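> So that you have it, the file is entry-v6.csv, and it contains CSV, C-alpha atoms:
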chain,number,residue,atom,x,y,z
A,1,MET,CA,59.8,-29.0,36.6
A,2,SER,CA,56.5,-28.9,38.5
A,3,GLU,CA,53.5,-26.8,37.6
A,4,GLU,CA,54.2,-24.7,40.7
A,5,SER,CA,57.7,-23.8,39.7
A,6,GLU,CA,56.5,-23.1,36.1
A,7,LEU,CA,54.1,-20.6,37.6
A,8,LYS,CA,56.9,-19.1,39.7
A,9,PHE,CA,58.9,-18.8,36.5
A,10,ALA,CA,56.0,-17.0,34.9
A,11,THR,CA,56.1,-14.2,37.4
A,12,GLY,CA,58.6,-12.5,35.2
A,13,LYS,CA,61.5,-12.2,37.6
A,14,PRO,CA,64.7,-12.9,35.8
A,15,ASP,CA,65.9,-15.2,38.6
A,16,ASP,CA,62.9,-17.5,38.0
A,17,PHE,CA,64.5,-18.8,34.8
A,18,GLU,CA,66.7,-20.8,37.2
A,19,ALA,CA,63.5,-22.6,38.4
A,20,LEU,CA,63.3,-24.4,35.1
A,21,ASP,CA,65.0,-27.8,34.8
A,22,PRO,CA,68.3,-27.8,32.8
A,23,ALA,CA,66.8,-29.6,29.8
A,24,MET,CA,64.0,-27.0,29.5
A,25,LYS,CA,66.5,-24.1,30.0
A,26,GLN,CA,68.8,-25.6,27.4
A,27,ALA,CA,65.9,-26.2,24.9
A,28,LEU,CA,64.4,-22.7,25.4
A,29,GLY,CA,67.9,-21.1,25.1
A,30,ASP,CA,68.6,-23.1,21.9
A,31,PHE,CA,65.2,-22.1,20.5
A,32,LYS,CA,65.8,-18.4,21.2
A,33,GLY,CA,69.2,-18.6,19.6
A,34,SER,CA,67.8,-20.4,16.6
A,35,VAL,CA,65.1,-17.9,15.9
A,36,HIS,CA,67.6,-15.0,16.3
A,37,ALA,CA,70.1,-16.6,13.9
A,38,TRP,CA,67.4,-17.4,11.4
A,39,SER,CA,65.9,-13.9,11.6
A,40,GLU,CA,69.3,-12.2,11.3
A,41,ALA,CA,70.2,-14.4,8.3
A,42,MET,CA,66.9,-13.6,6.6
A,43,MET,CA,67.2,-9.9,7.2
A,44,SER,CA,70.6,-9.7,5.6
A,45,ARG,CA,69.7,-11.8,2.6
A,46,PRO,CA,69.3,-10.2,-0.9
A,47,ARG,CA,65.6,-10.2,-0.7
A,48,ALA,CA,64.6,-8.8,-4.1
A,49,ALA,CA,66.8,-11.2,-6.0
A,50,ARG,CA,65.4,-14.2,-4.2
A,51,LYS,CA,61.8,-13.1,-4.7
A,52,ALA,CA,62.4,-12.6,-8.4
A,53,VAL,CA,63.9,-16.1,-8.6
A,54,VAL,CA,61.0,-17.6,-6.7
A,55,ARG,CA,58.5,-15.8,-8.9
A,56,ARG,CA,60.4,-16.7,-12.1
A,57,THR,CA,60.6,-20.3,-11.0
A,58,TRP,CA,56.9,-20.3,-10.3
A,59,ARG,CA,56.1,-18.8,-13.7
A,60,LEU,CA,58.4,-21.3,-15.4
A,61,ALA,CA,56.7,-24.2,-13.6
A,62,ALA,CA,53.3,-22.8,-14.5
A,63,GLY,CA,54.3,-22.3,-18.2
A,64,ALA,CA,55.8,-25.8,-18.4
A,65,ALA,CA,52.6,-27.3,-16.9
A,66,LEU,CA,50.4,-25.3,-19.3
A,67,ALA,CA,52.6,-26.3,-22.3
A,68,SER,CA,52.5,-30.0,-21.2
A,69,VAL,CA,48.7,-29.8,-21.0
A,70,LEU,CA,48.5,-28.2,-24.4
A,71,ILE,CA,50.8,-30.8,-26.0
A,72,ALA,CA,49.0,-33.6,-24.3
A,73,GLY,CA,45.7,-32.2,-25.5
A,74,ALA,CA,46.9,-31.7,-29.1
A,75,ALA,CA,48.4,-35.2,-29.1
A,76,SER,CA,45.3,-36.9,-27.7
A,77,GLY,CA,43.2,-34.8,-30.1
A,78,GLY,CA,45.3,-36.0,-33.1
A,79,LEU,CA,45.2,-39.6,-31.9
A,80,TYR,CA,41.4,-39.4,-31.5
A,81,GLU,CA,41.0,-37.9,-35.0
A,82,HIS,CA,43.3,-40.6,-36.5
A,83,HIS,CA,41.4,-43.3,-34.7
A,84,HIS,CA,38.0,-41.8,-35.7
A,85,ARG,CA,39.1,-41.7,-39.4
A,86,GLN,CA,40.3,-45.3,-39.3
A,87,GLU,CA,37.0,-46.3,-37.7
A,88,LEU,CA,35.0,-44.5,-40.4
A,89,ALA,CA,37.1,-46.1,-43.2
A,90,ARG,CA,36.6,-49.5,-41.6
A,91,ILE,CA,32.8,-49.0,-41.5
A,92,ALA,CA,32.7,-47.7,-45.1
A,93,ALA,CA,34.8,-50.8,-46.3
A,94,ALA,CA,32.4,-53.1,-44.4
A,95,GLN,CA,29.4,-51.5,-46.0
A,96,GLU,CA,30.9,-51.7,-49.4
A,97,ALA,CA,31.8,-55.4,-49.0
A,98,ALA,CA,28.2,-56.1,-47.8
A,99,HIS,CA,26.8,-54.2,-50.8
A,100,GLN,CA,29.1,-56.2,-53.2
A,101,ARG,CA,28.0,-59.4,-51.6
A,102,GLN,CA,24.4,-58.4,-52.0
A,103,LEU,CA,24.9,-57.6,-55.7
A,104,ALA,CA,26.7,-60.9,-56.3
A,105,ALA,CA,23.9,-62.8,-54.6
A,106,GLU,CA,21.3,-60.9,-56.7
A,107,ARG,CA,23.2,-61.7,-59.9
A,108,ALA,CA,23.5,-65.4,-59.0
A,109,ARG,CA,19.8,-65.5,-58.2
A,110,ALA,CA,18.9,-63.9,-61.5
A,111,GLU,CA,21.1,-66.3,-63.5
A,112,GLU,CA,19.6,-69.3,-61.7
A,113,ASP,CA,16.1,-68.0,-62.5
A,114,LEU,CA,17.0,-67.5,-66.1
A,115,LEU,CA,18.4,-71.1,-66.4
A,116,ALA,CA,15.4,-72.6,-64.7
A,117,LYS,CA,13.1,-70.7,-67.1
A,118,VAL,CA,15.1,-71.8,-70.1
A,119,ASP,CA,15.0,-75.5,-68.9
A,120,SER,CA,11.3,-75.4,-68.4
A,121,ASP,CA,10.7,-73.7,-71.8
A,122,VAL,CA,12.9,-76.3,-73.6
A,123,SER,CA,11.2,-79.3,-72.0
A,124,ARG,CA,7.7,-78.0,-72.7
A,125,GLU,CA,8.2,-76.9,-76.3
A,126,VAL,CA,8.9,-80.2,-78.2
A,127,PRO,CA,8.6,-79.6,-82.0
A,128,SER,CA,5.5,-81.3,-83.6
A,129,ALA,CA,7.6,-82.9,-86.4
A,130,LEU,CA,9.4,-85.0,-83.8
A,131,GLU,CA,6.3,-86.3,-82.0
A,132,PRO,CA,6.1,-89.7,-83.9
A,133,LEU,CA,9.7,-90.4,-83.2
A,134,ALA,CA,9.1,-89.7,-79.6
A,135,SER,CA,6.2,-92.2,-79.5
A,136,LEU,CA,8.4,-94.8,-81.3
A,137,THR,CA,11.1,-94.5,-78.7
A,138,ASN,CA,8.4,-95.2,-76.1
A,139,ASP,CA,7.2,-98.2,-78.0
A,140,ASP,CA,10.7,-99.7,-78.3
A,141,GLU,CA,11.1,-99.5,-74.7
A,142,THR,CA,7.8,-101.2,-74.0
A,143,THR,CA,8.6,-104.2,-76.4
A,144,LYS,CA,11.9,-105.0,-74.8
B,1,MET,CA,66.7,25.0,11.7
B,2,ALA,CA,64.8,21.8,11.4
B,3,THR,CA,61.0,21.9,11.2
B,4,ALA,CA,58.7,19.8,13.4
B,5,ASN,CA,58.0,17.5,10.5
B,6,GLU,CA,61.6,16.9,9.9
B,7,ILE,CA,62.3,16.1,13.5
B,8,ALA,CA,59.3,13.7,13.6
B,9,ALA,CA,60.7,12.0,10.4
B,10,GLN,CA,64.1,11.7,12.0
B,11,GLU,CA,62.6,10.2,15.2
B,12,PHE,CA,60.6,7.8,13.2
B,13,SER,CA,63.5,6.8,11.1
B,14,ALA,CA,65.5,6.0,14.3
B,15,VAL,CA,62.6,4.0,15.6
B,16,VAL,CA,62.5,1.9,12.4
B,17,THR,CA,66.3,1.3,12.5
B,18,SER,CA,66.3,0.2,16.1
B,19,HIS,CA,63.0,-1.9,16.2
B,20,ARG,CA,62.7,-3.4,12.8
B,21,PRO,CA,64.8,-6.5,13.6
B,22,GLN,CA,62.7,-7.3,16.7
B,23,ILE,CA,59.4,-6.8,14.9
B,24,PHE,CA,60.5,-8.9,11.9
B,25,ARG,CA,61.9,-11.7,14.3
B,26,PHE,CA,58.6,-11.9,16.2
B,27,LEU,CA,56.6,-12.1,12.9
B,28,LEU,CA,58.9,-14.6,11.5
B,29,ALA,CA,58.7,-16.8,14.5
B,30,SER,CA,54.9,-16.4,14.5
B,31,THR,CA,54.3,-17.2,10.9
B,32,ARG,CA,57.5,-19.2,9.9
B,33,ASP,CA,57.1,-17.5,6.5
B,34,VAL,CA,59.9,-15.2,5.6
B,35,ASP,CA,58.1,-13.3,2.8
B,36,LEU,CA,55.0,-12.9,4.9
B,37,ALA,CA,57.0,-11.7,7.9
B,38,GLU,CA,58.7,-9.1,5.7
B,39,THR,CA,55.4,-7.9,4.2
B,40,LEU,CA,53.8,-7.7,7.7
B,41,THR,CA,56.9,-5.8,9.0
B,42,GLN,CA,56.6,-3.3,6.3
B,43,GLU,CA,52.8,-2.9,6.9
B,44,CYS,CA,53.5,-2.5,10.6
B,45,PHE,CA,55.9,0.4,10.0
B,46,LEU,CA,53.7,1.9,7.4
B,47,LYS,CA,50.8,1.9,9.8
B,48,ALA,CA,53.1,3.3,12.5
B,49,HIS,CA,54.3,6.1,10.2
B,50,ARG,CA,50.7,7.1,9.4
B,51,ASN,CA,49.9,7.3,13.1
B,52,TRP,CA,53.2,8.5,14.4
B,53,SER,CA,51.9,12.0,15.2
B,54,ARG,CA,49.2,10.4,17.5
B,55,PHE,CA,51.8,8.3,19.4
B,56,ARG,CA,52.0,10.1,22.7
B,57,GLY,CA,54.6,7.9,24.4
B,58,ASP,CA,52.3,6.5,27.0
B,59,SER,CA,54.0,3.1,26.4
B,60,SER,CA,57.4,2.5,24.8
B,61,ALA,CA,57.7,2.6,21.0
B,62,MET,CA,58.5,-1.1,21.1
B,63,THR,CA,55.3,-2.0,22.9
B,64,TRP,CA,53.3,0.2,20.5
B,65,LEU,CA,54.9,-1.3,17.4
B,66,MET,CA,54.5,-4.9,18.7
B,67,ARG,CA,50.9,-4.3,19.4
B,68,ILE,CA,50.4,-3.2,15.7
B,69,ALA,CA,52.4,-6.2,14.6
B,70,ILE,CA,50.2,-8.6,16.6
B,71,ASN,CA,47.0,-7.0,15.2
B,72,LEU,CA,48.3,-7.3,11.7
B,73,GLN,CA,49.2,-10.9,12.2
B,74,LYS,CA,45.7,-11.6,13.7
B,75,ASP,CA,44.1,-9.9,10.7
B,76,HIS,CA,46.2,-11.9,8.3
B,77,TRP,CA,45.2,-15.3,9.9
B,78,ARG,CA,41.5,-14.2,10.0
B,79,ASN,CA,41.6,-13.3,6.3
B,80,ARG,CA,43.4,-16.5,5.5
B,81,ARG,CA,40.9,-18.6,7.3
B,82,LEU,CA,38.1,-17.1,5.3
B,83,GLN,CA,40.1,-17.5,2.1
B,84,PHE,CA,41.2,-21.0,2.9
B,85,TRP,CA,42.2,-21.9,-0.7
B,86,ARG,CA,45.1,-19.4,-0.4
B,87,GLN,CA,46.8,-21.8,1.9
B,88,ALA,CA,48.3,-23.6,-1.0
B,89,SER,CA,50.3,-20.6,-2.0
B,90,THR,CA,52.0,-19.9,1.4
B,91,ASN,CA,55.7,-20.3,1.9
B,92,THR,CA,55.7,-21.5,5.4
B,93,VAL,CA,59.0,-23.1,6.3
B,94,ASP,CA,58.7,-26.6,7.7
B,95,LEU,CA,59.8,-27.3,11.3
B,96,ASP,CA,62.9,-29.2,10.3
B,97,GLU,CA,64.1,-26.4,8.1
B,98,ALA,CA,63.4,-23.8,10.8
B,99,SER,CA,65.3,-26.0,13.3
B,100,GLU,CA,68.4,-25.9,11.1
B,101,TRP,CA,69.4,-22.5,12.4
B,102,LEU,CA,71.5,-22.3,15.5
B,103,ALA,CA,73.2,-19.5,17.4
B,104,SER,CA,76.8,-19.3,16.5
B,105,GLY,CA,79.2,-20.7,19.0
B,106,GLU,CA,81.7,-23.4,19.5
B,107,ARG,CA,79.9,-26.8,19.6
B,108,SER,CA,80.7,-30.3,18.6
B,109,ALA,CA,78.8,-31.9,15.7
B,110,GLU,CA,76.9,-34.0,18.3
B,111,GLN,CA,76.0,-31.0,20.4
B,112,LYS,CA,74.7,-29.2,17.3
B,113,MET,CA,72.6,-32.2,16.4
B,114,LEU,CA,71.1,-32.4,19.9
B,115,ALA,CA,70.4,-28.7,19.9
B,116,ARG,CA,68.7,-29.0,16.5
B,117,GLU,CA,66.6,-31.8,17.8
B,118,LYS,CA,65.5,-29.8,20.9
B,119,VAL,CA,64.7,-26.7,18.8
B,120,ALA,CA,62.6,-28.9,16.6
B,121,HIS,CA,60.7,-30.2,19.6
B,122,VAL,CA,60.1,-26.6,20.8
B,123,TRP,CA,58.8,-25.7,17.4
B,124,ARG,CA,56.4,-28.6,17.4
B,125,ALA,CA,55.1,-27.5,20.8
B,126,VAL,CA,54.8,-23.9,19.6
B,127,GLU,CA,52.8,-25.1,16.5
B,128,GLY,CA,50.3,-26.8,18.8
B,129,LEU,CA,49.7,-23.7,20.9
B,130,SER,CA,46.7,-21.4,20.5
B,131,GLU,CA,47.4,-18.0,18.9
B,132,ARG,CA,47.5,-16.2,22.2
B,133,GLN,CA,49.6,-18.8,23.9
B,134,ARG,CA,52.1,-18.7,21.0
B,135,THR,CA,52.2,-14.9,21.1
B,136,VAL,CA,52.8,-14.8,24.8
B,137,PHE,CA,55.4,-17.6,24.6
B,138,LEU,CA,57.4,-15.9,21.8
B,139,LEU,CA,57.3,-12.5,23.5
B,140,ARG,CA,58.6,-14.1,26.7
B,141,PHE,CA,61.2,-16.6,25.4
B,142,VAL,CA,62.3,-15.1,22.1
B,143,GLU,CA,61.9,-11.4,22.7
B,144,GLU,CA,62.6,-11.7,26.5
B,145,MET,CA,59.9,-9.2,27.4
B,146,GLU,CA,58.8,-8.8,31.0
B,147,LEU,CA,55.3,-10.0,31.9
B,148,SER,CA,54.0,-6.5,32.5
B,149,GLU,CA,55.3,-5.5,29.1
B,150,ILE,CA,53.6,-8.5,27.5
B,151,ALA,CA,50.4,-7.6,29.2
B,152,ARG,CA,50.6,-4.1,27.9
B,153,THR,CA,51.4,-5.3,24.4
B,154,THR,CA,48.7,-7.9,24.1
B,155,GLY,CA,46.1,-6.0,26.1
B,156,LEU,CA,45.7,-9.0,28.5
B,157,ASN,CA,46.0,-8.7,32.2
B,158,GLU,CA,49.1,-10.2,33.9
B,159,GLY,CA,47.2,-13.1,35.4
B,160,THR,CA,46.0,-14.2,31.9
B,161,VAL,CA,49.5,-13.8,30.5
B,162,LYS,CA,50.9,-16.0,33.3
B,163,ALA,CA,48.2,-18.6,32.6
B,164,HIS,CA,49.0,-18.7,28.9
B,165,LEU,CA,52.7,-18.9,29.6
B,166,SER,CA,52.2,-21.7,32.1
B,167,ARG,CA,50.2,-23.8,29.6
B,168,ALA,CA,52.7,-23.1,26.8
B,169,LEU,CA,55.5,-24.2,29.0
B,170,ALA,CA,53.6,-27.4,30.0
B,171,ARG,CA,53.2,-28.1,26.3
B,172,VAL,CA,56.9,-27.6,25.6
B,173,ARG,CA,57.8,-29.8,28.6
B,174,ALA,CA,55.4,-32.5,27.4
B,175,GLU,CA,56.9,-32.4,23.9
B,176,LEU,CA,60.5,-32.6,25.2
B,177,GLY,CA,59.5,-35.4,27.7
B,178,GLU,CA,57.8,-37.4,24.9
B,179,ARG,CA,60.9,-37.3,22.8
B,180,ARG,CA,63.5,-38.1,25.4
Just give me the structure of the file as structure tokens.


Amino acid sequence: MSEESELKFATGKPDDFEALDPAMKQALGDFKGSVHAWSEAMMSRPRAARKAVVRRTWRLAAGAALASVLIAGAASGGLYEHHHRQELARIAAAQEAAHQRQLAAERARAEEDLLAKVDSDVSREVPSALEPLASLTNDDETTK
Amino acid sequence: MATANEIAAQEFSAVVTSHRPQIFRFLLASTRDVDLAETLTQECFLKAHRNWSRFRGDSSAMTWLMRIAINLQKDHWRNRRLQFWRQASTNTVDLDEASEWLASGERSAEQKMLAREKVAHVWRAVEGLSERQRTVFLLRFVEEMELSEIARTTGLNEGTVKAHLSRALARVRAELGERR
């Protein structure tokens, strides 16, 4: 349909509907019928019941979403707490092991110091009564 | 003997009974939201009831009521534009669902399918129209109002109504042409 005939149609005379091409007429007629059918169906529907269902559904969905968030929050909080405790225990065990190692090293060092001290004391303090024998031993070695 | 108030109440009741389907239909087609259309229809008749004593019958009751409905719809869209976050909570029916409805009549399955397709194209075109074009288009092709009546209802002059209607038709024609 041309712009001119559309404007003719828009003059409001009932006959001008005929100026539209068949496809347009059919489409506009179907559209009108569709809106009328939809409107009639919606007017005769049990409105209050449907609204209540919609609202209840919405509330249920919101409640379920909130519950999911709370459960997820509690679970993640519990997991975090568990992980945190494990981490603290691991750190404490590592610190204890390091402390034990340090003590063992200190003990070993103290024992070594003590043995060294005993050795040096023993070698230096030769009894005076044995001194002649010691020189004899030296002489024997030199005569060989 | 009935008092003046009782007579007015009876008159108004008759107006509600006879015009409610048309007001609801127009608002439903304008908003594609069943709950919103019902709410606005109730608001329309509430407003009309409050002002019924001032209605002098210069225009028909239908024209007067339709003007109230159009203003309520405008106010609603204006408020919703300001409060844009409310859009998430609307119950607007999508185009395919709206196109499912057809006038009763004997048609083959293929004819029904074609009719639904055409209705969907018209809905798409209507969705792309400006608010005024859509109002004029729906008043003319769904409510079958005369141009002079549309002009009185919308407060536009007839020339402007014709121009809006012509543009709306061009849009529908283009939409139907594109899909053929």

> Between atom CA of B:Arg171 and atom CA of B:Leu102, what is the spacing in Å?

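Distance reported for this atom pair: 22.0 Å.
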
> Calculate how many Å separate atom CA of A:Ala41 from atom CA of B:Thr92, rounding to one decimal.

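If I compute the distance from atom CA of A:Ala41 to atom CA of B:Thr92, I get 16.4 Å.
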
> Give me, as an NGL selection string, the residues of chain B touching chain A, with the criterion being at most 9 Å (counting all atoms listed in the file).

:B and (21-22 or 24-26 or 28-29 or 34-35 or 38 or 98-104 or 115-116 or 118-123 or 138 or 140-143 or 145-148 or 158 or 161-163 or 165-166 or 169-170 or 172-173 or 176)

> Measure the distance from atom CA of B:Arg167 to atom CA of B:Leu72 in Å and round it to one decimal.

24.4 Å

> I'd like the neighbourhood of stretch 53-62 of chain B as a VMD selection string, where a residue qualifies if any of its atoms comes within 10 Å (using all atoms listed in the file), though same-chain residues fewer than 4 positions away should be ignored.

chain B and resid 5 8 12 15 to 16 18 to 20 22 to 23 48 to 49 66 to 68 149 152 to 153
